[in-house]
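For reference, my_file_16.tsv is printed below; it contains TSV, C-alpha atoms and all ligand atoms.
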chain	number	residue	atom	x	y	z
A	1	MET	CA	-17.11	-22.23	22.12
A	2	HIS	CA	-16.25	-19.45	19.67
A	3	LEU	CA	-16.97	-20.03	15.98
A	4	VAL	CA	-14.14	-18.50	13.93
A	5	THR	CA	-13.72	-18.34	10.15
A	6	LEU	CA	-10.35	-19.75	9.11
A	7	ILE	CA	-8.84	-18.62	5.80
A	8	PRO	CA	-5.64	-20.61	5.13
A	9	GLY	CA	-4.57	-18.42	2.18
A	10	ASP	CA	-1.79	-19.00	-0.37
A	11	GLY	CA	1.91	-19.88	-0.37
A	12	ILE	CA	3.06	-20.54	3.20
A	13	GLY	CA	-0.50	-19.87	4.43
A	14	PRO	CA	-1.65	-23.51	4.78
A	15	GLU	CA	1.62	-24.55	6.56
A	16	ILE	CA	1.50	-21.82	9.19
A	17	THR	CA	-2.27	-22.20	9.60
A	18	LYS	CA	-1.83	-25.90	10.39
A	19	ALA	CA	0.86	-25.06	12.97
A	20	VAL	CA	-1.52	-22.63	14.70
A	21	THR	CA	-4.55	-24.93	14.66
A	22	ASP	CA	-2.41	-27.82	16.02
A	23	ILE	CA	-1.24	-25.61	18.89
A	24	PHE	CA	-4.83	-24.48	19.59
A	25	THR	CA	-6.02	-28.11	19.63
A	26	ALA	CA	-3.23	-29.14	22.02
A	27	ALA	CA	-4.04	-26.20	24.32
A	28	GLN	CA	-7.77	-27.06	24.19
A	29	VAL	CA	-8.70	-23.56	23.16
A	30	PRO	CA	-12.50	-23.19	22.95
A	31	VAL	CA	-12.48	-22.22	19.27
A	32	GLN	CA	-14.25	-24.08	16.49
A	33	TRP	CA	-12.88	-23.31	13.03
A	34	GLU	CA	-15.04	-22.84	9.95
A	35	GLU	CA	-12.62	-23.19	7.04
A	36	GLN	CA	-13.16	-21.07	3.93
A	37	ASN	CA	-10.64	-19.93	1.37
A	38	ALA	CA	-10.27	-17.15	-1.20
A	39	GLY	CA	-7.94	-16.19	-4.04
A	40	GLN	CA	-6.47	-17.98	-6.99
A	41	THR	CA	-7.11	-21.41	-5.43
A	42	THR	CA	-10.87	-20.90	-5.10
A	43	PHE	CA	-11.00	-19.14	-8.47
A	44	ASP	CA	-9.48	-22.22	-10.14
A	45	GLN	CA	-11.94	-24.50	-8.30
A	46	SER	CA	-15.19	-22.56	-8.49
A	47	GLY	CA	-14.61	-19.40	-10.50
A	48	GLU	CA	-14.98	-17.25	-7.35
A	49	LEU	CA	-12.09	-15.15	-6.03
A	50	ILE	CA	-13.97	-14.35	-2.84
A	51	PRO	CA	-16.56	-17.13	-2.52
A	52	THR	CA	-20.02	-16.20	-1.23
A	53	ALA	CA	-19.65	-18.95	1.40
A	54	LEU	CA	-16.63	-17.13	2.83
A	55	LEU	CA	-18.51	-13.81	3.02
A	56	LYS	CA	-21.48	-15.53	4.69
A	57	SER	CA	-19.18	-17.20	7.21
A	58	LEU	CA	-17.49	-13.85	8.01
A	59	GLU	CA	-20.80	-12.04	8.36
A	60	LYS	CA	-22.07	-14.75	10.71
A	61	ASN	CA	-18.99	-15.29	12.88
A	62	LYS	CA	-17.62	-11.70	12.83
A	63	VAL	CA	-14.15	-13.03	13.69
A	64	ALA	CA	-11.58	-14.62	11.36
A	65	LEU	CA	-8.01	-15.84	11.34
A	66	LYS	CA	-6.50	-15.37	7.92
A	67	GLY	CA	-3.34	-16.58	6.21
A	68	PRO	CA	-1.67	-14.42	3.54
A	69	ILE	CA	-3.21	-14.17	0.08
A	70	THR	CA	-1.15	-13.59	-3.07
A	71	THR	CA	-1.96	-10.49	-5.12
A	72	PRO	CA	-0.64	-10.48	-8.69
A	73	VAL	CA	1.60	-7.49	-9.56
A	74	GLY	CA	0.36	-5.17	-12.32
A	75	LYS	CA	-2.49	-6.90	-14.15
A	76	GLY	CA	-4.81	-9.53	-12.65
A	77	PHE	CA	-7.32	-9.31	-9.82
A	78	ARG	CA	-7.54	-6.57	-7.18
A	79	SER	CA	-6.13	-7.42	-3.74
A	80	ILE	CA	-8.53	-9.64	-1.79
A	81	ASN	CA	-7.03	-8.32	1.45
A	82	VAL	CA	-7.82	-4.72	0.50
A	83	THR	CA	-11.29	-5.73	-0.76
A	84	LEU	CA	-12.23	-7.44	2.54
A	85	ARG	CA	-10.87	-4.54	4.61
A	86	GLN	CA	-12.94	-2.03	2.63
A	87	LYS	CA	-16.09	-4.14	2.33
A	88	TYR	CA	-16.37	-4.63	6.09
A	89	ASP	CA	-14.86	-1.26	7.08
A	90	LEU	CA	-12.01	-2.91	8.99
A	91	TYR	CA	-10.46	0.53	9.35
A	92	GLN	CA	-7.85	-0.27	12.01
A	93	ASN	CA	-4.79	-2.26	11.03
A	94	VAL	CA	-3.12	-2.89	14.37
A	95	ARG	CA	0.47	-4.15	14.27
A	96	PRO	CA	2.48	-4.55	17.49
A	97	SER	CA	6.30	-4.82	17.33
A	98	LYS	CA	8.09	-5.81	20.50
A	99	THR	CA	11.60	-6.99	21.35
A	100	THR	CA	11.49	-10.67	22.41
A	101	SER	CA	14.06	-12.40	24.64
A	102	GLY	CA	15.93	-14.96	22.55
A	103	ILE	CA	15.39	-13.25	19.20
A	104	VAL	CA	18.69	-11.65	18.24
A	105	THR	CA	18.28	-8.13	16.79
A	106	ARG	CA	20.26	-4.89	16.60
A	107	TYR	CA	17.96	-3.19	19.11
A	108	GLU	CA	16.63	-3.60	22.63
A	109	GLY	CA	13.58	-2.28	24.47
A	110	ILE	CA	11.23	-1.83	21.52
A	111	ASP	CA	7.53	-2.03	22.37
A	112	LEU	CA	5.41	-0.11	19.90
A	113	VAL	CA	2.00	-0.57	18.33
A	114	LEU	CA	1.34	0.77	14.87
A	115	PHE	CA	-2.18	1.86	13.87
A	116	ARG	CA	-2.43	1.94	10.08
A	117	GLU	CA	-5.55	3.39	8.44
A	118	ASN	CA	-6.78	0.40	6.47
A	119	THR	CA	-9.45	1.46	3.99
A	120	GLU	CA	-8.51	4.65	2.16
A	121	GLY	CA	-5.47	6.72	1.12
A	122	LEU	CA	-3.52	5.53	-1.89
A	123	TYR	CA	-5.14	2.09	-1.55
A	124	SER	CA	-8.63	3.42	-2.27
A	125	GLY	CA	-8.56	1.73	-5.68
A	126	LEU	CA	-9.11	5.04	-7.50
A	127	GLU	CA	-6.69	4.84	-10.41
A	128	VAL	CA	-6.89	5.95	-14.02
A	129	TYR	CA	-4.48	5.47	-16.88
A	130	ASP	CA	-4.56	7.63	-19.98
A	131	GLU	CA	-2.76	5.47	-22.50
A	132	ARG	CA	-2.61	8.24	-25.11
A	133	LEU	CA	-0.83	10.65	-22.80
A	134	GLY	CA	1.07	7.95	-20.88
A	135	ILE	CA	-0.18	9.30	-17.54
A	136	ALA	CA	-1.31	7.20	-14.57
A	137	ASP	CA	-3.13	8.89	-11.68
A	138	SER	CA	-3.64	7.21	-8.30
A	139	PHE	CA	-5.89	9.15	-5.95
A	140	ASN	CA	-4.89	9.50	-2.33
A	141	ARG	CA	-8.39	9.78	-0.88
A	142	ILE	CA	-8.34	10.81	2.78
A	143	THR	CA	-11.62	11.57	4.53
A	144	VAL	CA	-12.37	13.50	7.70
A	145	GLU	CA	-14.41	10.59	9.03
A	146	GLY	CA	-11.78	7.94	8.22
A	147	SER	CA	-8.99	10.03	9.75
A	148	ARG	CA	-10.99	10.76	12.89
A	149	LYS	CA	-11.83	7.07	13.35
A	150	ILE	CA	-8.26	5.74	13.08
A	151	CYS	CA	-6.75	8.53	15.19
A	152	ARG	CA	-9.37	8.11	17.88
A	153	ALA	CA	-8.80	4.32	17.87
A	154	ALA	CA	-5.06	4.86	18.41
A	155	PHE	CA	-5.65	7.19	21.37
A	156	ALA	CA	-8.36	4.94	22.85
A	157	TYR	CA	-5.97	1.96	22.63
A	158	ALA	CA	-3.19	4.00	24.28
A	159	ALA	CA	-5.52	5.02	27.12
A	160	LYS	CA	-6.85	1.48	27.63
A	161	HIS	CA	-3.40	-0.14	27.68
A	162	GLY	CA	-1.62	2.40	29.86
A	163	ARG	CA	0.50	3.74	27.03
A	164	LYS	CA	1.97	7.23	27.31
A	165	LYS	CA	2.39	8.68	23.82
A	166	VAL	CA	0.84	8.67	20.34
A	167	THR	CA	2.97	9.71	17.36
A	168	LEU	CA	1.35	10.61	14.04
A	169	ALA	CA	3.54	9.96	10.97
A	170	HIS	CA	2.44	12.19	8.06
A	171	LYS	CA	3.54	14.30	5.11
A	172	ALA	CA	1.44	17.43	5.65
A	173	ASN	CA	4.33	19.66	4.53
A	174	ILE	CA	3.89	18.41	0.95
A	175	LEU	CA	0.39	16.85	0.92
A	176	LYS	CA	-1.13	20.17	1.99
A	177	MET	CA	-4.73	18.91	1.88
A	178	ALA	CA	-4.71	15.16	2.56
A	179	GLY	CA	-1.80	15.32	5.02
A	180	THR	CA	-3.17	18.35	6.88
A	181	LEU	CA	-6.60	16.74	7.14
A	182	MET	CA	-5.08	13.73	8.94
A	183	LEU	CA	-2.93	16.00	11.13
A	184	ASN	CA	-5.96	18.04	12.19
A	185	ALA	CA	-8.00	14.90	12.88
A	186	CYS	CA	-5.22	13.61	15.12
A	187	LYS	CA	-4.93	16.91	17.01
A	188	GLU	CA	-8.70	16.79	17.52
A	189	ALA	CA	-8.54	13.20	18.84
A	190	SER	CA	-5.67	14.13	21.17
A	191	ASN	CA	-7.87	16.77	22.84
A	192	GLU	CA	-10.11	13.98	24.10
A	193	PHE	CA	-7.14	12.23	25.75
A	194	PRO	CA	-5.16	14.93	27.59
A	195	GLN	CA	-3.31	12.29	29.64
A	196	ILE	CA	-1.63	10.92	26.46
A	197	VAL	CA	1.28	12.88	24.95
A	198	PHE	CA	0.72	13.67	21.26
A	199	GLU	CA	3.51	14.35	18.80
A	200	ASP	CA	3.68	14.38	15.01
A	201	LYS	CA	6.58	13.55	12.74
A	202	ILE	CA	7.07	13.93	9.01
A	203	ILE	CA	7.28	10.45	7.51
A	204	ASP	CA	10.87	10.69	6.21
A	205	ASN	CA	12.16	11.83	9.59
A	206	MET	CA	9.98	9.13	11.21
A	207	CYS	CA	11.82	6.43	9.21
A	208	MET	CA	15.20	7.77	10.28
A	209	GLN	CA	14.09	7.99	13.94
A	210	LEU	CA	12.69	4.46	13.81
A	211	VAL	CA	15.98	2.92	12.70
A	212	ASN	CA	18.03	5.24	14.91
A	213	LYS	CA	16.14	5.20	18.23
A	214	PRO	CA	13.06	2.97	17.91
A	215	GLU	CA	12.55	2.58	21.66
A	216	GLN	CA	11.28	6.19	21.85
A	217	PHE	CA	7.99	5.19	20.15
A	218	ASP	CA	4.90	3.90	21.92
A	219	VAL	CA	1.72	4.07	19.78
A	220	VAL	CA	2.15	5.22	16.17
A	221	VAL	CA	-0.73	6.17	13.87
A	222	THR	CA	-0.53	6.83	10.15
A	223	THR	CA	-2.20	6.58	6.76
A	224	ASN	CA	-2.53	3.41	4.68
A	225	LEU	CA	0.58	3.47	2.47
A	226	PHE	CA	2.92	4.87	5.14
A	227	GLY	CA	1.57	2.28	7.58
A	228	ASP	CA	2.12	-0.57	5.12
A	229	ILE	CA	5.77	0.40	4.73
A	230	LEU	CA	6.43	1.32	8.37
A	231	SER	CA	5.01	-1.96	9.65
A	232	ASP	CA	7.50	-4.02	7.62
A	233	LEU	CA	10.24	-1.68	8.82
A	234	CYS	CA	9.13	-2.23	12.43
A	235	ALA	CA	9.04	-5.98	11.84
A	236	GLY	CA	12.69	-5.77	10.75
A	237	LEU	CA	13.57	-4.04	14.03
A	238	VAL	CA	12.27	-6.90	16.20
A	239	GLY	CA	13.21	-10.06	14.30
A	240	GLY	CA	11.58	-9.96	10.88
A	241	LEU	CA	8.30	-10.70	9.18
A	242	GLY	CA	8.13	-14.18	10.70
A	243	VAL	CA	7.40	-12.84	14.19
A	244	VAL	CA	5.05	-9.85	14.02
A	245	ALA	CA	1.29	-10.07	14.41
A	246	GLY	CA	-1.51	-8.00	12.98
A	247	ALA	CA	-5.24	-7.43	13.12
A	248	ASN	CA	-7.79	-5.72	10.90
A	249	ILE	CA	-10.44	-4.37	13.22
A	250	GLY	CA	-13.77	-2.68	12.53
A	251	ASP	CA	-16.59	-1.71	14.84
A	252	ASP	CA	-18.24	-5.17	14.67
A	253	MET	CA	-15.83	-7.50	12.86
A	254	ALA	CA	-12.15	-8.41	13.16
A	255	VAL	CA	-9.84	-10.36	10.86
A	256	PHE	CA	-6.53	-11.37	12.42
A	257	GLU	CA	-3.56	-11.95	10.13
A	258	ALA	CA	0.22	-11.72	10.17
A	259	VAL	CA	1.93	-8.68	8.64
A	260	HIS	CA	3.80	-10.83	6.10
A	261	GLY	CA	2.68	-12.11	2.71
A	262	SER	CA	2.51	-15.55	1.12
A	263	ALA	CA	6.33	-15.83	0.85
A	264	PRO	CA	6.41	-17.78	-2.45
A	265	ASP	CA	10.21	-18.12	-2.14
A	266	ILE	CA	9.86	-20.56	0.78
A	267	ALA	CA	6.33	-21.95	0.25
A	268	GLY	CA	5.87	-25.71	0.61
A	269	GLN	CA	9.35	-26.21	2.10
A	270	GLY	CA	8.46	-26.33	5.80
A	271	LYS	CA	10.67	-23.28	6.43
A	272	ALA	CA	8.03	-20.70	7.35
A	273	ASN	CA	7.95	-19.33	10.86
A	274	PRO	CA	4.41	-19.65	12.26
A	275	THR	CA	5.07	-17.16	15.11
A	276	ALA	CA	3.54	-14.19	13.29
A	277	LEU	CA	0.27	-15.98	12.61
A	278	LEU	CA	0.29	-17.53	16.09
A	279	ARG	CA	0.74	-14.10	17.69
A	280	SER	CA	-2.12	-12.81	15.50
A	281	ALA	CA	-4.22	-15.73	16.78
A	282	LEU	CA	-3.30	-14.76	20.36
A	283	MET	CA	-4.47	-11.19	19.67
A	284	MET	CA	-7.69	-12.83	18.50
A	285	LEU	CA	-8.01	-14.78	21.77
A	286	HIS	CA	-7.65	-11.55	23.77
A	287	TYR	CA	-10.30	-9.97	21.50
A	288	LEU	CA	-12.58	-12.93	22.31
A	289	GLY	CA	-11.91	-12.57	26.03
A	290	GLU	CA	-9.92	-15.83	26.26
A	291	HIS	CA	-7.05	-14.17	28.10
A	292	ALA	CA	-5.93	-17.20	30.14
A	293	LYS	CA	-5.55	-19.42	27.05
A	294	ALA	CA	-3.72	-16.64	25.21
A	295	ASP	CA	-1.30	-16.22	28.12
A	296	GLN	CA	-0.73	-19.99	28.38
A	297	ILE	CA	0.23	-20.28	24.69
A	298	GLU	CA	2.22	-17.03	24.81
A	299	LYS	CA	4.33	-18.49	27.64
A	300	ALA	CA	5.04	-21.67	25.66
A	301	LEU	CA	5.94	-19.60	22.60
A	302	GLU	CA	8.27	-17.31	24.58
A	303	GLY	CA	9.96	-20.39	26.08
A	304	THR	CA	10.54	-21.84	22.63
A	305	LEU	CA	11.87	-18.56	21.21
A	306	LEU	CA	14.48	-18.52	23.99
A	307	ASN	CA	16.20	-21.51	22.44
A	308	GLN	CA	17.37	-20.66	18.92
A	309	GLU	CA	17.86	-24.35	18.05
A	310	GLU	CA	14.13	-24.97	18.48
A	311	CYS	CA	13.18	-22.20	16.06
A	312	THR	CA	12.89	-21.90	12.28
A	313	GLY	CA	15.72	-20.80	9.98
A	314	ASP	CA	14.76	-17.10	9.87
A	315	LEU	CA	15.57	-16.97	13.62
A	316	GLY	CA	18.82	-18.89	13.22
A	317	GLY	CA	17.40	-22.31	14.12
A	318	LYS	CA	17.01	-25.59	12.27
A	319	ALA	CA	13.43	-26.58	13.07
A	320	SER	CA	10.79	-26.98	10.38
A	321	THR	CA	7.43	-25.24	10.70
A	322	SER	CA	5.83	-28.36	12.20
A	323	GLN	CA	8.77	-29.12	14.53
A	324	PHE	CA	8.64	-25.55	15.81
A	325	ALA	CA	4.91	-25.95	16.48
A	326	GLN	CA	5.61	-29.25	18.29
A	327	ASN	CA	8.27	-27.54	20.43
A	328	ILE	CA	5.63	-25.03	21.52
A	329	ILE	CA	3.09	-27.81	22.19
A	330	ASN	CA	5.65	-29.62	24.37
A	331	LYS	CA	5.87	-26.54	26.62
A	332	LEU	CA	2.11	-25.99	27.06
B	401	LIG	P1	6.36	-11.60	1.95
B	401	LIG	O1	5.99	-10.98	3.23
B	401	LIG	O2	5.54	-12.75	1.49
B	401	LIG	O3	7.89	-12.10	2.01
B	401	LIG	C1	8.98	-11.18	2.21
B	401	LIG	C2	10.21	-11.97	2.73
B	401	LIG	O4	9.97	-12.36	4.08
B	401	LIG	C3	10.46	-13.24	1.94
B	401	LIG	O5	11.85	-13.44	1.84
B	401	LIG	C4	9.84	-14.34	2.80
B	401	LIG	O6	10.45	-15.60	2.66
B	401	LIG	C5	10.03	-13.78	4.21
B	401	LIG	N1	8.94	-14.23	5.10
B	401	LIG	C6	7.66	-13.80	5.09
B	401	LIG	N2	6.94	-14.45	5.99
B	401	LIG	C7	7.77	-15.31	6.61
B	401	LIG	C8	7.59	-16.29	7.65
B	401	LIG	N3	6.41	-16.50	8.25
B	401	LIG	N4	8.67	-17.02	8.02
B	401	LIG	C9	9.87	-16.83	7.45
B	401	LIG	N5	10.09	-15.93	6.46
B	401	LIG	C10	9.05	-15.19	6.05
B	401	LIG	O7	6.36	-10.42	0.87
B	401	LIG	P2	6.37	-10.49	-0.73
B	401	LIG	O8	7.30	-11.55	-1.20
B	401	LIG	O9	6.61	-9.10	-1.13
B	401	LIG	O10	4.88	-10.85	-1.14
B	401	LIG	C11	4.45	-12.13	-1.57
B	401	LIG	C12	2.95	-12.11	-1.83
B	401	LIG	O11	2.24	-11.89	-0.62
B	401	LIG	C13	2.48	-11.00	-2.80
B	401	LIG	O12	1.55	-11.55	-3.70
B	401	LIG	C14	1.82	-9.97	-1.90
B	401	LIG	O13	0.80	-9.26	-2.57
B	401	LIG	C15	1.23	-10.88	-0.82
B	401	LIG	N6	1.01	-10.21	0.46
B	401	LIG	C16	-0.12	-10.55	1.14
B	401	LIG	C17	-0.38	-10.01	2.37
B	401	LIG	C18	-1.62	-10.44	3.06
B	401	LIG	O14	-2.27	-11.39	2.67
B	401	LIG	N7	-2.02	-9.77	4.14
B	401	LIG	C19	0.55	-9.04	3.01
B	401	LIG	C20	1.74	-8.80	2.24
B	401	LIG	C21	1.95	-9.36	1.00
Starting from the file, give its structure as structure tokens.
Amino acid sequence: MHLVTLIPGDGIGPEITKAVTDIFTAAQVPVQWEEQNAGQTTFDQSGELIPTALLKSLEKNKVALKGPITTPVGKGFRSINVTLRQKYDLYQNVRPSKTTSGIVTRYEGIDLVLFRENTEGLYSGLEVYDERLGIADSFNRITVEGSRKICRAAFAYAAKHGRKKVTLAHKANILKMAGTLMLNACKEASNEFPQIVFEDKIIDNMCMQLVNKPEQFDVVVTTNLFGDILSDLCAGLVGGLGVVAGANIGDDMAVFEAVHGSAPDIAGQGKANPTALLRSALMMLHYLGEHAKADQIEKALEGTLLNQEECTGDLGGKASTSQFAQNIINKL
């Protein structure tokens, strides 16, 4: 039995979390959940944004499944997602985007995995505002070590999973220091993996290529901000934010979560698609070595996605979050 920390999160978080835990129960997955929350909800209850009990649970279990957590825009608290990623050095944000039979999109044959550096860059939290001058500075901190780690992880993943090519998306033509540092780190990592093709693309061209001919990409690696934006773009290519998984992975801890946020526009209405969180949970099962259970649930999910009627509204169906989960359970 694997002990896993479960963070339901905000907005649609509790609805999609319930769908996933119901499916896991029905499939008799050997996972025992330890539920802990964070964010505005826990702050209102106990005055703690990231409760000590949650940190203890994470440090003990080393694996978590997390729903989305709301971050206030402008003022208010710092992102809990970013804080957890930095605190535990979860430097790899791994986000696969793949075409799925049954999900209607403009494209076919997409199967790419994005590696986003998860702890530095423009999300380092190094910002100053000089009110007198009206100038805000946000520092784009890129380190040799951080760049080496994420680039090496992308190549190691490609080698392990029989992938052929790694593309680095960067802006070294303008960001002469930070961009070039990442580019050099990636070239260095590529030398260790001569069997994998390495190419680099400037981020603006990368965006155009992704919407024009996305099937040309295999493994993509990039810095924090570019990766944040590209992963939503890639989600749009394969069916939207409701269907793409994600994982924050460090050397000894992993937190699995969907790419999407707390979706306040549909929260509490039973409209949220739980596929993204379910696919993140399946990545978690592979990470835990429970490949057979992951494949069993994956098959039931794929079968459900084939029939639009059985899916949620974002995929053109009429099912609620819980009905969609039940449709998957029926196919287990
Ligand atoms: P969002 O990802 O929550 O929503 C964007 C759009 O996609 C909305 O129209 C929403 O209804 C739709 N959508 C998202 N997930 C869906 C699902 N499972 N099924 C069907 N439709 C879905 O992005 P938004 O609105 O920019 O952010 C809302 C909040 O989420 C913010 O406070 C943001 O900081 C937070 N956020 C948290 C993340 C995390 O916890 N890892 C990641 C991204 C955003």
Can you work out which one of A:Gly102, A:Pro194, A:Gly134, A:Gly121 has the shortest atom-to-atom distance to A:Leu225, counting all atoms listed in the file?
A:Gly121
Residues up to 8 Å from ligand LIG 401 (chain B), counting only C-alpha atoms and all ligand atoms: could you list those as JSON, numbers by chain?
{"A": [9, 11, 12, 16, 66, 67, 68, 69, 70, 71, 72, 73, 79, 80, 81, 240, 241, 242, 243, 257, 258, 259, 260, 261, 262, 263, 264, 265, 266, 267, 271, 272, 273, 274, 275, 276, 277, 312, 313, 314]}
How many Å lie between atom CA of A:Ala172 and atom CA of A:Ser97, rounded to one decimal?
25.6 Å
Can you tell me, as a ChimeraX atom specification, what residues are no more than 12 Å from A:Gln296 when counting all atoms listed in the file, ignoring any on the same chain fewer than 3 positions away?
/A:23-24,26-29,282,285-286,290-293,299-303,328-329,331-332
Return as JSON the centre and edge lengths, in Å with one decimal, of the box along x, y and z that encloses every atom of stretch 40-56 of chain A in the file, padded by 6 Å per side.
{"center_x": -14.0, "center_y": -19.2, "center_z": -2.9, "size_x": 27.0, "size_y": 22.7, "size_z": 27.2}
So the first atom is atom CA of A:Ile142 and the second is atom CA of A:Arg78; what is the distance between them in Å, to one decimal place?
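Calculated distance between atom CA of A:Ile142 and atom CA of A:Arg78 is 20.0 Å.
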Excluding A:Ser190 and residues on its chain fewer than 3 positions from it, collect all residues at most 10 Å away from it, counting all atoms listed in the file, and give them as a ChimeraX atom specification.
/A:151-152,154-156,166,184-187,193-199
Between atom CA of A:Ile203 and atom CA of A:Lys171, what is the distance, to one decimal in Å?
5.9 Å
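Shortest atom-to-atom contact with A:Glu15 among A:Thr321, A:Asn61, A:Thr304, A:Thr222: A:Thr321, counting all atoms listed in the file.
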Set the distance at 8 Å and use only C-alpha atoms: which residues neighbour A:Val82 once local chain neighbours fewer than 4 positions away are removed? I'd like the list as number ranges by chain.
A: 78, 86, 118-119, 123
Pull the neighbourhood of (4.6, 4.7, 18.9) for me: all residues within 8 Å in file coordinates, counting only C-alpha atoms, as a list in words.
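Every polymer residue passing the test: Leu112, Val113, Leu114, Lys165, Val166, Thr167, Gln216, Phe217, Asp218, Val219, Val220 and Val221 of chain A.
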With distances taken over all atoms listed in the file, which of A:Ile297, A:Leu175, A:Leu315, A:Ala189 is nearest to A:Glu145?
A:Ala189
Near A:Ala247, counting all atoms listed in the file, which residues have an atom at most 9 Å away, once you skip same-chain residues fewer than 2 positions from it, shown as JSON, numbers by chain?
{"A": [92, 93, 94, 95, 245, 249, 254, 255, 256, 257, 258, 259, 280, 283, 284]}
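With distances restricted to all atoms listed in the file, A:Gly270 is the closest residue to A:Lys318 from A:Pro8, A:Pro14, A:Gly270, A:Gly227.
Residue neighbourhood of A:Ile110, excluding near-sequence residues (fewer than 4 positions): Lys98, Thr99 and Glu215 of chain A, at 6 Å, using only C-alpha atoms.
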Quick one: of A:Glu192, A:Thr143, A:Cys311, A:Met208, who's nearest to A:Met177, counting only C-alpha atoms?
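Result for the nearest residue to A:Met177: A:Thr143.
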Using only C-alpha atoms, pick whichever of A:Phe115, A:Cys207, A:His170, A:Met182 has the shortest atom-to-atom distance to A:Val144.
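Of all the options, A:Met182 lies closest to A:Val144.
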